[in-house]
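J.: Supplied structure: upload04.cif, mmCIF, C-alpha atoms.
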data_coords
loop_
_atom_site.label_atom_id
_atom_site.label_comp_id
_atom_site.auth_asym_id
_atom_site.auth_seq_id
_atom_site.Cartn_x
_atom_site.Cartn_y
_atom_site.Cartn_z
CA MET A 1161 -11.43 5.68 16.65
CA ILE A 1162 -9.63 2.33 16.62
CA LYS A 1163 -6.45 2.03 18.67
CA SER A 1164 -3.46 0.38 16.96
CA HIS A 1165 0.19 -0.29 17.77
CA LEU A 1166 3.36 0.12 15.73
CA ASN A 1167 5.31 -3.16 15.76
CA GLY A 1168 8.42 -3.05 13.58
CA ASN A 1169 7.32 -2.75 9.95
CA THR A 1170 3.61 -3.27 10.62
CA VAL A 1171 0.80 -1.76 12.66
CA SER A 1172 -1.50 -4.14 14.57
CA ILE A 1173 -5.04 -3.78 15.84
CA THR A 1174 -5.78 -6.26 18.62
CA GLU A 1175 -7.93 -4.53 21.21
CA ASP A 1176 -11.13 -3.95 19.24
CA PHE A 1177 -11.07 -6.90 16.89
CA GLN A 1178 -14.72 -6.54 15.85
CA GLU A 1179 -14.03 -3.02 14.57
CA ALA A 1180 -10.86 -4.26 12.88
CA GLN A 1181 -12.77 -7.13 11.26
CA ALA A 1182 -15.38 -4.66 9.97
CA LEU A 1183 -12.61 -2.46 8.54
CA TYR A 1184 -11.19 -5.47 6.74
CA ASP A 1185 -14.57 -6.73 5.50
CA ARG A 1186 -15.66 -3.32 4.18
CA SER A 1187 -12.48 -2.13 2.52
CA GLN A 1188 -9.91 -4.94 2.62
CA PHE A 1189 -7.42 -3.03 4.77
CA GLY A 1190 -4.68 -5.19 6.25
CA GLU A 1191 -4.49 -8.90 6.77
CA ILE A 1192 -6.32 -10.92 9.42
CA LYS A 1193 -3.99 -13.03 11.51
CA GLY A 1194 -6.07 -16.03 12.62
CA LYS A 1195 -5.35 -17.36 16.08
CA GLU A 1196 -4.03 -14.06 17.43
CA LYS A 1197 -7.27 -12.28 16.46
CA ARG A 1198 -5.53 -9.23 15.09
CA LEU A 1199 -5.51 -7.11 11.97
CA GLU A 1200 -2.03 -6.40 10.67
CA LEU A 1201 -1.59 -3.29 8.51
CA ALA A 1202 1.27 -2.34 6.21
CA LEU A 1203 2.79 1.04 7.08
CA GLU A 1204 1.15 2.70 4.05
CA GLU A 1205 -2.26 1.32 5.02
CA ALA A 1206 -1.84 2.50 8.60
CA LEU A 1207 -0.85 6.02 7.57
CA TYR A 1208 -3.80 6.22 5.18
CA LEU A 1209 -6.21 5.18 7.94
CA LEU A 1210 -4.55 7.61 10.37
CA GLU A 1211 -4.93 10.43 7.83
CA GLN A 1212 -8.60 9.46 7.32
CA GLY A 1213 -9.23 9.60 11.08
CA LYS A 1214 -10.09 5.89 11.33
CA ILE A 1215 -7.27 4.79 13.65
CA GLU A 1216 -4.87 6.09 16.28
CA ILE A 1217 -1.33 4.71 16.26
CA TYR A 1218 0.70 4.15 19.40
CA SER A 1219 4.32 3.25 19.93
CA SER A 1220 4.56 1.87 23.44
CA LYS A 1221 2.25 4.29 25.27
CA THR A 1222 2.95 7.30 23.06
CA LYS A 1223 0.29 8.35 20.57
CA LEU A 1224 1.94 9.18 17.24
CA SER A 1225 0.97 12.20 15.16
CA PHE A 1226 0.86 11.99 11.36
CA ASP A 1227 4.32 13.60 11.08
CA ALA A 1228 5.85 11.45 13.82
CA PHE A 1229 4.56 8.29 12.15
CA VAL A 1230 5.92 9.41 8.75
CA ARG A 1231 9.36 10.02 10.31
CA ARG A 1232 9.40 6.55 11.91
CA ALA A 1233 8.09 4.78 8.81
CA SER A 1234 10.63 6.59 6.61
CA LYS A 1235 13.44 5.23 8.77
CA LYS A 1236 12.07 1.69 8.46
CA GLU A 1237 11.29 1.65 4.73
CA HIS A 1238 13.23 3.24 1.89
CA ASN A 1239 11.19 5.58 -0.31
CA PHE A 1240 8.25 5.45 2.13
CA TRP A 1241 6.75 8.87 1.39
CA THR A 1242 6.73 8.30 -2.38
CA ARG A 1243 5.15 4.87 -1.96
CA TYR A 1244 2.60 6.31 0.47
CA ARG A 1245 1.54 9.08 -1.95
CA VAL A 1246 1.00 6.50 -4.71
CA TYR A 1247 -0.88 4.18 -2.33
CA ALA A 1248 -3.12 6.98 -1.01
CA ASP A 1249 -3.93 8.23 -4.51
CA MET A 1250 -5.01 4.77 -5.69
CA ARG A 1251 -7.08 4.17 -2.52
CA SER A 1252 -8.80 7.53 -2.89
CA ARG A 1253 -9.82 6.46 -6.43
CA GLY A 1254 -11.57 3.38 -5.04
CA TYR A 1255 -8.99 0.68 -5.77
CA ILE A 1256 -7.89 -2.00 -3.32
CA VAL A 1257 -4.11 -1.86 -2.99
CA LYS A 1258 -2.05 -4.61 -1.37
CA THR A 1259 1.67 -5.23 -1.01
CA GLY A 1260 3.38 -6.47 -4.14
CA LEU A 1261 6.48 -7.76 -2.40
CA LYS A 1262 6.11 -11.35 -3.56
CA PHE A 1263 5.78 -10.06 -7.15
CA GLY A 1264 8.88 -7.88 -6.90
CA ALA A 1265 6.77 -4.70 -7.03
CA ASP A 1266 5.67 -2.08 -4.53
CA PHE A 1267 1.98 -2.96 -4.76
CA ARG A 1268 -0.61 -5.05 -6.52
CA VAL A 1269 -3.85 -3.29 -7.43
CA TYR A 1270 -7.32 -4.80 -7.82
CA ASP A 1271 -9.82 -3.37 -10.24
CA ARG A 1272 -12.76 -1.51 -8.68
CA GLY A 1273 -15.30 -3.88 -7.19
CA LYS A 1274 -12.81 -6.79 -7.05
CA LYS A 1275 -11.44 -8.21 -3.81
CA PRO A 1276 -8.36 -10.28 -3.03
CA GLY A 1277 -9.35 -13.93 -2.87
CA GLU A 1278 -12.27 -13.37 -5.23
CA ALA A 1279 -10.27 -12.05 -8.18
CA HIS A 1280 -6.66 -11.56 -9.24
CA ALA A 1281 -4.98 -8.18 -9.15
CA LYS A 1282 -5.11 -6.35 -12.49
CA TRP A 1283 -1.85 -4.41 -12.06
CA VAL A 1284 1.54 -4.54 -10.41
CA LEU A 1285 2.41 -1.02 -9.32
CA PHE A 1286 5.83 0.55 -8.92
CA ALA A 1287 6.15 3.92 -7.16
CA THR A 1288 8.86 6.38 -8.09
CA ASP A 1289 9.74 10.02 -7.62
CA GLU A 1290 9.92 12.31 -10.65
CA SER A 1291 13.59 13.06 -9.87
CA ASP A 1292 14.53 9.35 -9.96
CA LYS A 1293 16.20 8.09 -13.08
CA LEU A 1294 14.83 4.89 -14.57
CA ALA A 1295 17.11 2.90 -16.87
CA TRP A 1296 15.64 0.90 -19.74
CA ARG A 1297 16.82 -2.28 -18.01
CA GLN A 1298 14.77 -1.38 -14.95
CA PHE A 1299 11.73 -0.62 -17.10
CA SER A 1300 12.22 -3.91 -18.93
CA ALA A 1301 12.49 -5.77 -15.61
CA MET A 1302 9.25 -4.15 -14.40
CA ASN A 1303 7.52 -5.22 -17.62
CA ARG A 1304 8.81 -8.78 -17.23
CA VAL A 1305 7.46 -8.94 -13.66
CA ALA A 1306 4.06 -7.75 -14.85
CA HIS A 1307 4.01 -10.08 -17.85
CA SER A 1308 5.14 -13.15 -15.89
CA THR A 1309 2.42 -12.56 -13.29
CA ARG A 1310 -0.23 -11.90 -15.98
CA LYS A 1311 -0.80 -8.36 -14.83
CA ASN A 1312 -0.42 -4.96 -16.43
CA LEU A 1313 2.40 -2.68 -15.37
CA LEU A 1314 1.43 0.54 -13.61
CA ILE A 1315 4.01 3.14 -12.65
CA GLY A 1316 3.05 5.92 -10.23
CA ILE A 1317 5.28 8.99 -10.47
CA VAL A 1318 5.16 11.52 -7.62
CA ASP A 1319 6.06 15.13 -8.46
CA LYS A 1320 7.40 17.92 -6.23
CA GLU A 1321 3.86 18.90 -5.18
CA SER A 1322 3.15 15.28 -4.11
CA GLU A 1323 0.74 14.84 -7.04
CA VAL A 1324 0.75 11.43 -8.70
CA THR A 1325 0.65 10.61 -12.39
CA PHE A 1326 0.12 7.02 -13.51
CA TYR A 1327 1.41 5.32 -16.63
CA GLU A 1328 0.20 1.90 -17.69
CA SER A 1329 2.13 -0.52 -19.86
CA SER A 1330 0.82 -3.80 -21.19
CA TRP A 1331 1.91 -6.45 -23.67
CA ARG A 1332 0.35 -6.68 -27.10
CA LYS A 1333 0.73 -9.42 -29.63
CA PRO A 1334 1.15 -8.14 -33.20
#
Can I see the file as structure tokens?
T.:
Amino acid sequence: MIKSHLNGNTVSITEDFQEAQALYDRSQFGEIKGKEKRLELALEEALYLLEQGKIEIYSSKTKLSFDAFVRRASKKEHNFWTRYRVYADMRSRGYIVKTGLKFGADFRVYDRGKKPGEAHAKWVLFATDESDKLAWRQFSAMNRVAHSTRKNLLIGIVDKESEVTFYESSWRKP
């Protein structure tokens, strides 16, 4: 089990860098930070790896349980649980999922067998709860983000049972 540390809005692995490097090379989790020799994970990535039994997460010297980490992450990031459920569902289906912050989305998703740096993401992914209301302007804005980045729009909707349903939208020329 790889030991990691909660640092603000990320989780870092520094102590066993070879294991961290292998985790990155195999499955593209996190981002390698060069000179510091560390793997930096987004909160969703860290929770997924914690749930899979791949890492332990510490805050100071306290080992965090799944529930304790969810509580802390939910305080740091709005809509964390919904975004996590969408992230975990996509990862369990074999897709590589990375932050979509620079695209104005929750995530960017790579087609199966494609890796960041070797190919472009196929989708921008927005996560929402089934009780959230989505105005047409918001939907239009999501479509514009996807179209301007040459990606398809994917919306992950989480229901009351934490099940996720995905809807894809793409542009077509008549």
J.: Which of these residues is nearest to Gly1254 (chain A), using only C-alpha atoms: A:Ser1291, A:Ile1173, A:Val1230, A:Gln1188?
T.: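 Of A:Ser1291, A:Ile1173, A:Val1230, A:Gln1188, the one nearest Gly1254 (chain A), counting only C-alpha atoms, is A:Gln1188.
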J.: So how far away is CA of Leu1314 (chain A) from CA of Tyr1327 (chain A), in Å?
T.: 5.7 Å
J.: From the options A:Thr1222, A:Ser1187, A:Thr1170, A:Asn1303, which residue's atoms come nearest to Gly1264 (chain A), counting only C-alpha atoms?
T.: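 Nearest candidate to Gly1264 (chain A) out of A:Thr1222, A:Ser1187, A:Thr1170, A:Asn1303: A:Asn1303.
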J.: Using all atoms listed in the file, which residue out of A:Leu1199, A:Tyr1208, A:Asp1319, A:Ala1279 lies closest to Tyr1244 (chain A)?
T.: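 Among the listed residues, the smallest separation from Tyr1244 (chain A) belongs to A:Tyr1208.
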J.: Might you spell out which residues the PyMOL selection byres ((chain A and resi 1265) around 7) would select in the displayed file, as a list in words?
T.: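 Evaluating the PyMOL selection byres ((chain A and resi 1265) around 7) on this file yields Gly1260, Leu1261, Phe1263, Gly1264, Asp1266, Phe1267, Val1284, Leu1285 and Phe1286 of chain A.
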J.: With distances taken over only C-alpha atoms, which of A:Lys1282, A:Pro1276, A:Met1250, A:Asn1312 is nearest to Val1324 (chain A)?
T.: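 Of A:Lys1282, A:Pro1276, A:Met1250, A:Asn1312, the one nearest Val1324 (chain A) is A:Met1250, counting only C-alpha atoms.
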J.: As an exercise, work out the distance from CA of His1165 (chain A) to CA of Asp1249 (chain A) in Å and give it to one decimal place.
T.: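 Distance between the two atoms: 24.2 Å.
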J.: Hey, what comes out of the PyMOL selection byres ((chain A and resi 1308) around 12) on this file? Could you write it as a list in words?
T.: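 With the PyMOL selection byres ((chain A and resi 1308) around 12) on this model, the match is Phe1263, Gly1264, Trp1283, Val1284, Ala1301, Met1302, Asn1303, Arg1304, Val1305, Ala1306, His1307, Thr1309, Arg1310, Lys1311, Asn1312, Leu1313, Ser1330 and Trp1331 of chain A.
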J.: Any chance you can output those residues with C-alpha atoms as a PDB file, in the frame of the given file?
T.:
ATOM      1  CA  PHE A1263       5.780 -10.060  -7.150  1.00  0.00           C
ATOM      2  CA  GLY A1264       8.880  -7.880  -6.900  1.00  0.00           C
ATOM      3  CA  TRP A1283      -1.850  -4.410 -12.060  1.00  0.00           C
ATOM      4  CA  VAL A1284       1.540  -4.540 -10.410  1.00  0.00           C
ATOM      5  CA  ALA A1301      12.490  -5.770 -15.610  1.00  0.00           C
ATOM      6  CA  MET A1302       9.250  -4.150 -14.400  1.00  0.00           C
ATOM      7  CA  ASN A1303       7.520  -5.220 -17.620  1.00  0.00           C
ATOM      8  CA  ARG A1304       8.810  -8.780 -17.230  1.00  0.00           C
ATOM      9  CA  VAL A1305       7.460  -8.940 -13.660  1.00  0.00           C
ATOM     10  CA  ALA A1306       4.060  -7.750 -14.850  1.00  0.00           C
ATOM     11  CA  HIS A1307       4.010 -10.080 -17.850  1.00  0.00           C
ATOM     12  CA  THR A1309       2.420 -12.560 -13.290  1.00  0.00           C
ATOM     13  CA  ARG A1310      -0.230 -11.900 -15.980  1.00  0.00           C
ATOM     14  CA  LYS A1311      -0.800  -8.360 -14.830  1.00  0.00           C
ATOM     15  CA  ASN A1312      -0.420  -4.960 -16.430  1.00  0.00           C
ATOM     16  CA  LEU A1313       2.400  -2.680 -15.370  1.00  0.00           C
ATOM     17  CA  SER A1330       0.820  -3.800 -21.190  1.00  0.00           C
ATOM     18  CA  TRP A1331       1.910  -6.450 -23.670  1.00  0.00           C
TER      19      TRP A1331
END
J.: In Å, rounded to a single decimal, give me how far CA of Val1257 (chain A) is from CA of Ala1281 (chain A).
T.: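 About the pair CA of Ala1281 (chain A) and CA of Val1257 (chain A): they are 8.9 Å apart.
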J.: Going by the chain IDs and residue numbers used in this file, which residues fall under the PyMOL selection byres ((chain A and resi 1226) around 8)? Write them as a list of chain:residue names.
T.: A:Leu1207, A:Leu1210, A:Glu1211, A:Leu1224, A:Ser1225, A:Asp1227, A:Ala1228, A:Phe1229, A:Val1230
J.: Please provide as a list in words all residues within 7 Å of region 1234-1243 of chain A, with the sequence filter that same-chain residues fewer than 5 positions apart are discarded (counting all atoms listed in the file).
T.: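 Once the nearby chain positions are removed, what remains is Asn1169, Ala1287, Thr1288, Asp1289 and Val1318 of chain A.
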J.: Find the spatial neighbours of Arg1251 (chain A), counting all atoms listed in the file, within a cut-off of 10 Å - ignore same-chain residues fewer than 4 positions away - and output them as a VMD selection string.
T.: chain A and resid 1187 1205 1208 1245 to 1247 1255 to 1257 1269
J.: Using all atoms listed in the file, which of the listed residues (A:Leu1294, A:Leu1183, A:Ala1248, A:Ile1192) sits closest to Ser1322 (chain A)?
T.: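 For Ser1322 (chain A), the nearest of the given residues is A:Ala1248.
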J.: Of the candidates A:Arg1186, A:Arg1232, A:His1280, A:Arg1297, which one gets nearest to Tyr1218 (chain A) if we count all atoms listed in the file?
T.: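 Looking at the shortest contact to Tyr1218 (chain A), the residue is A:Arg1232.
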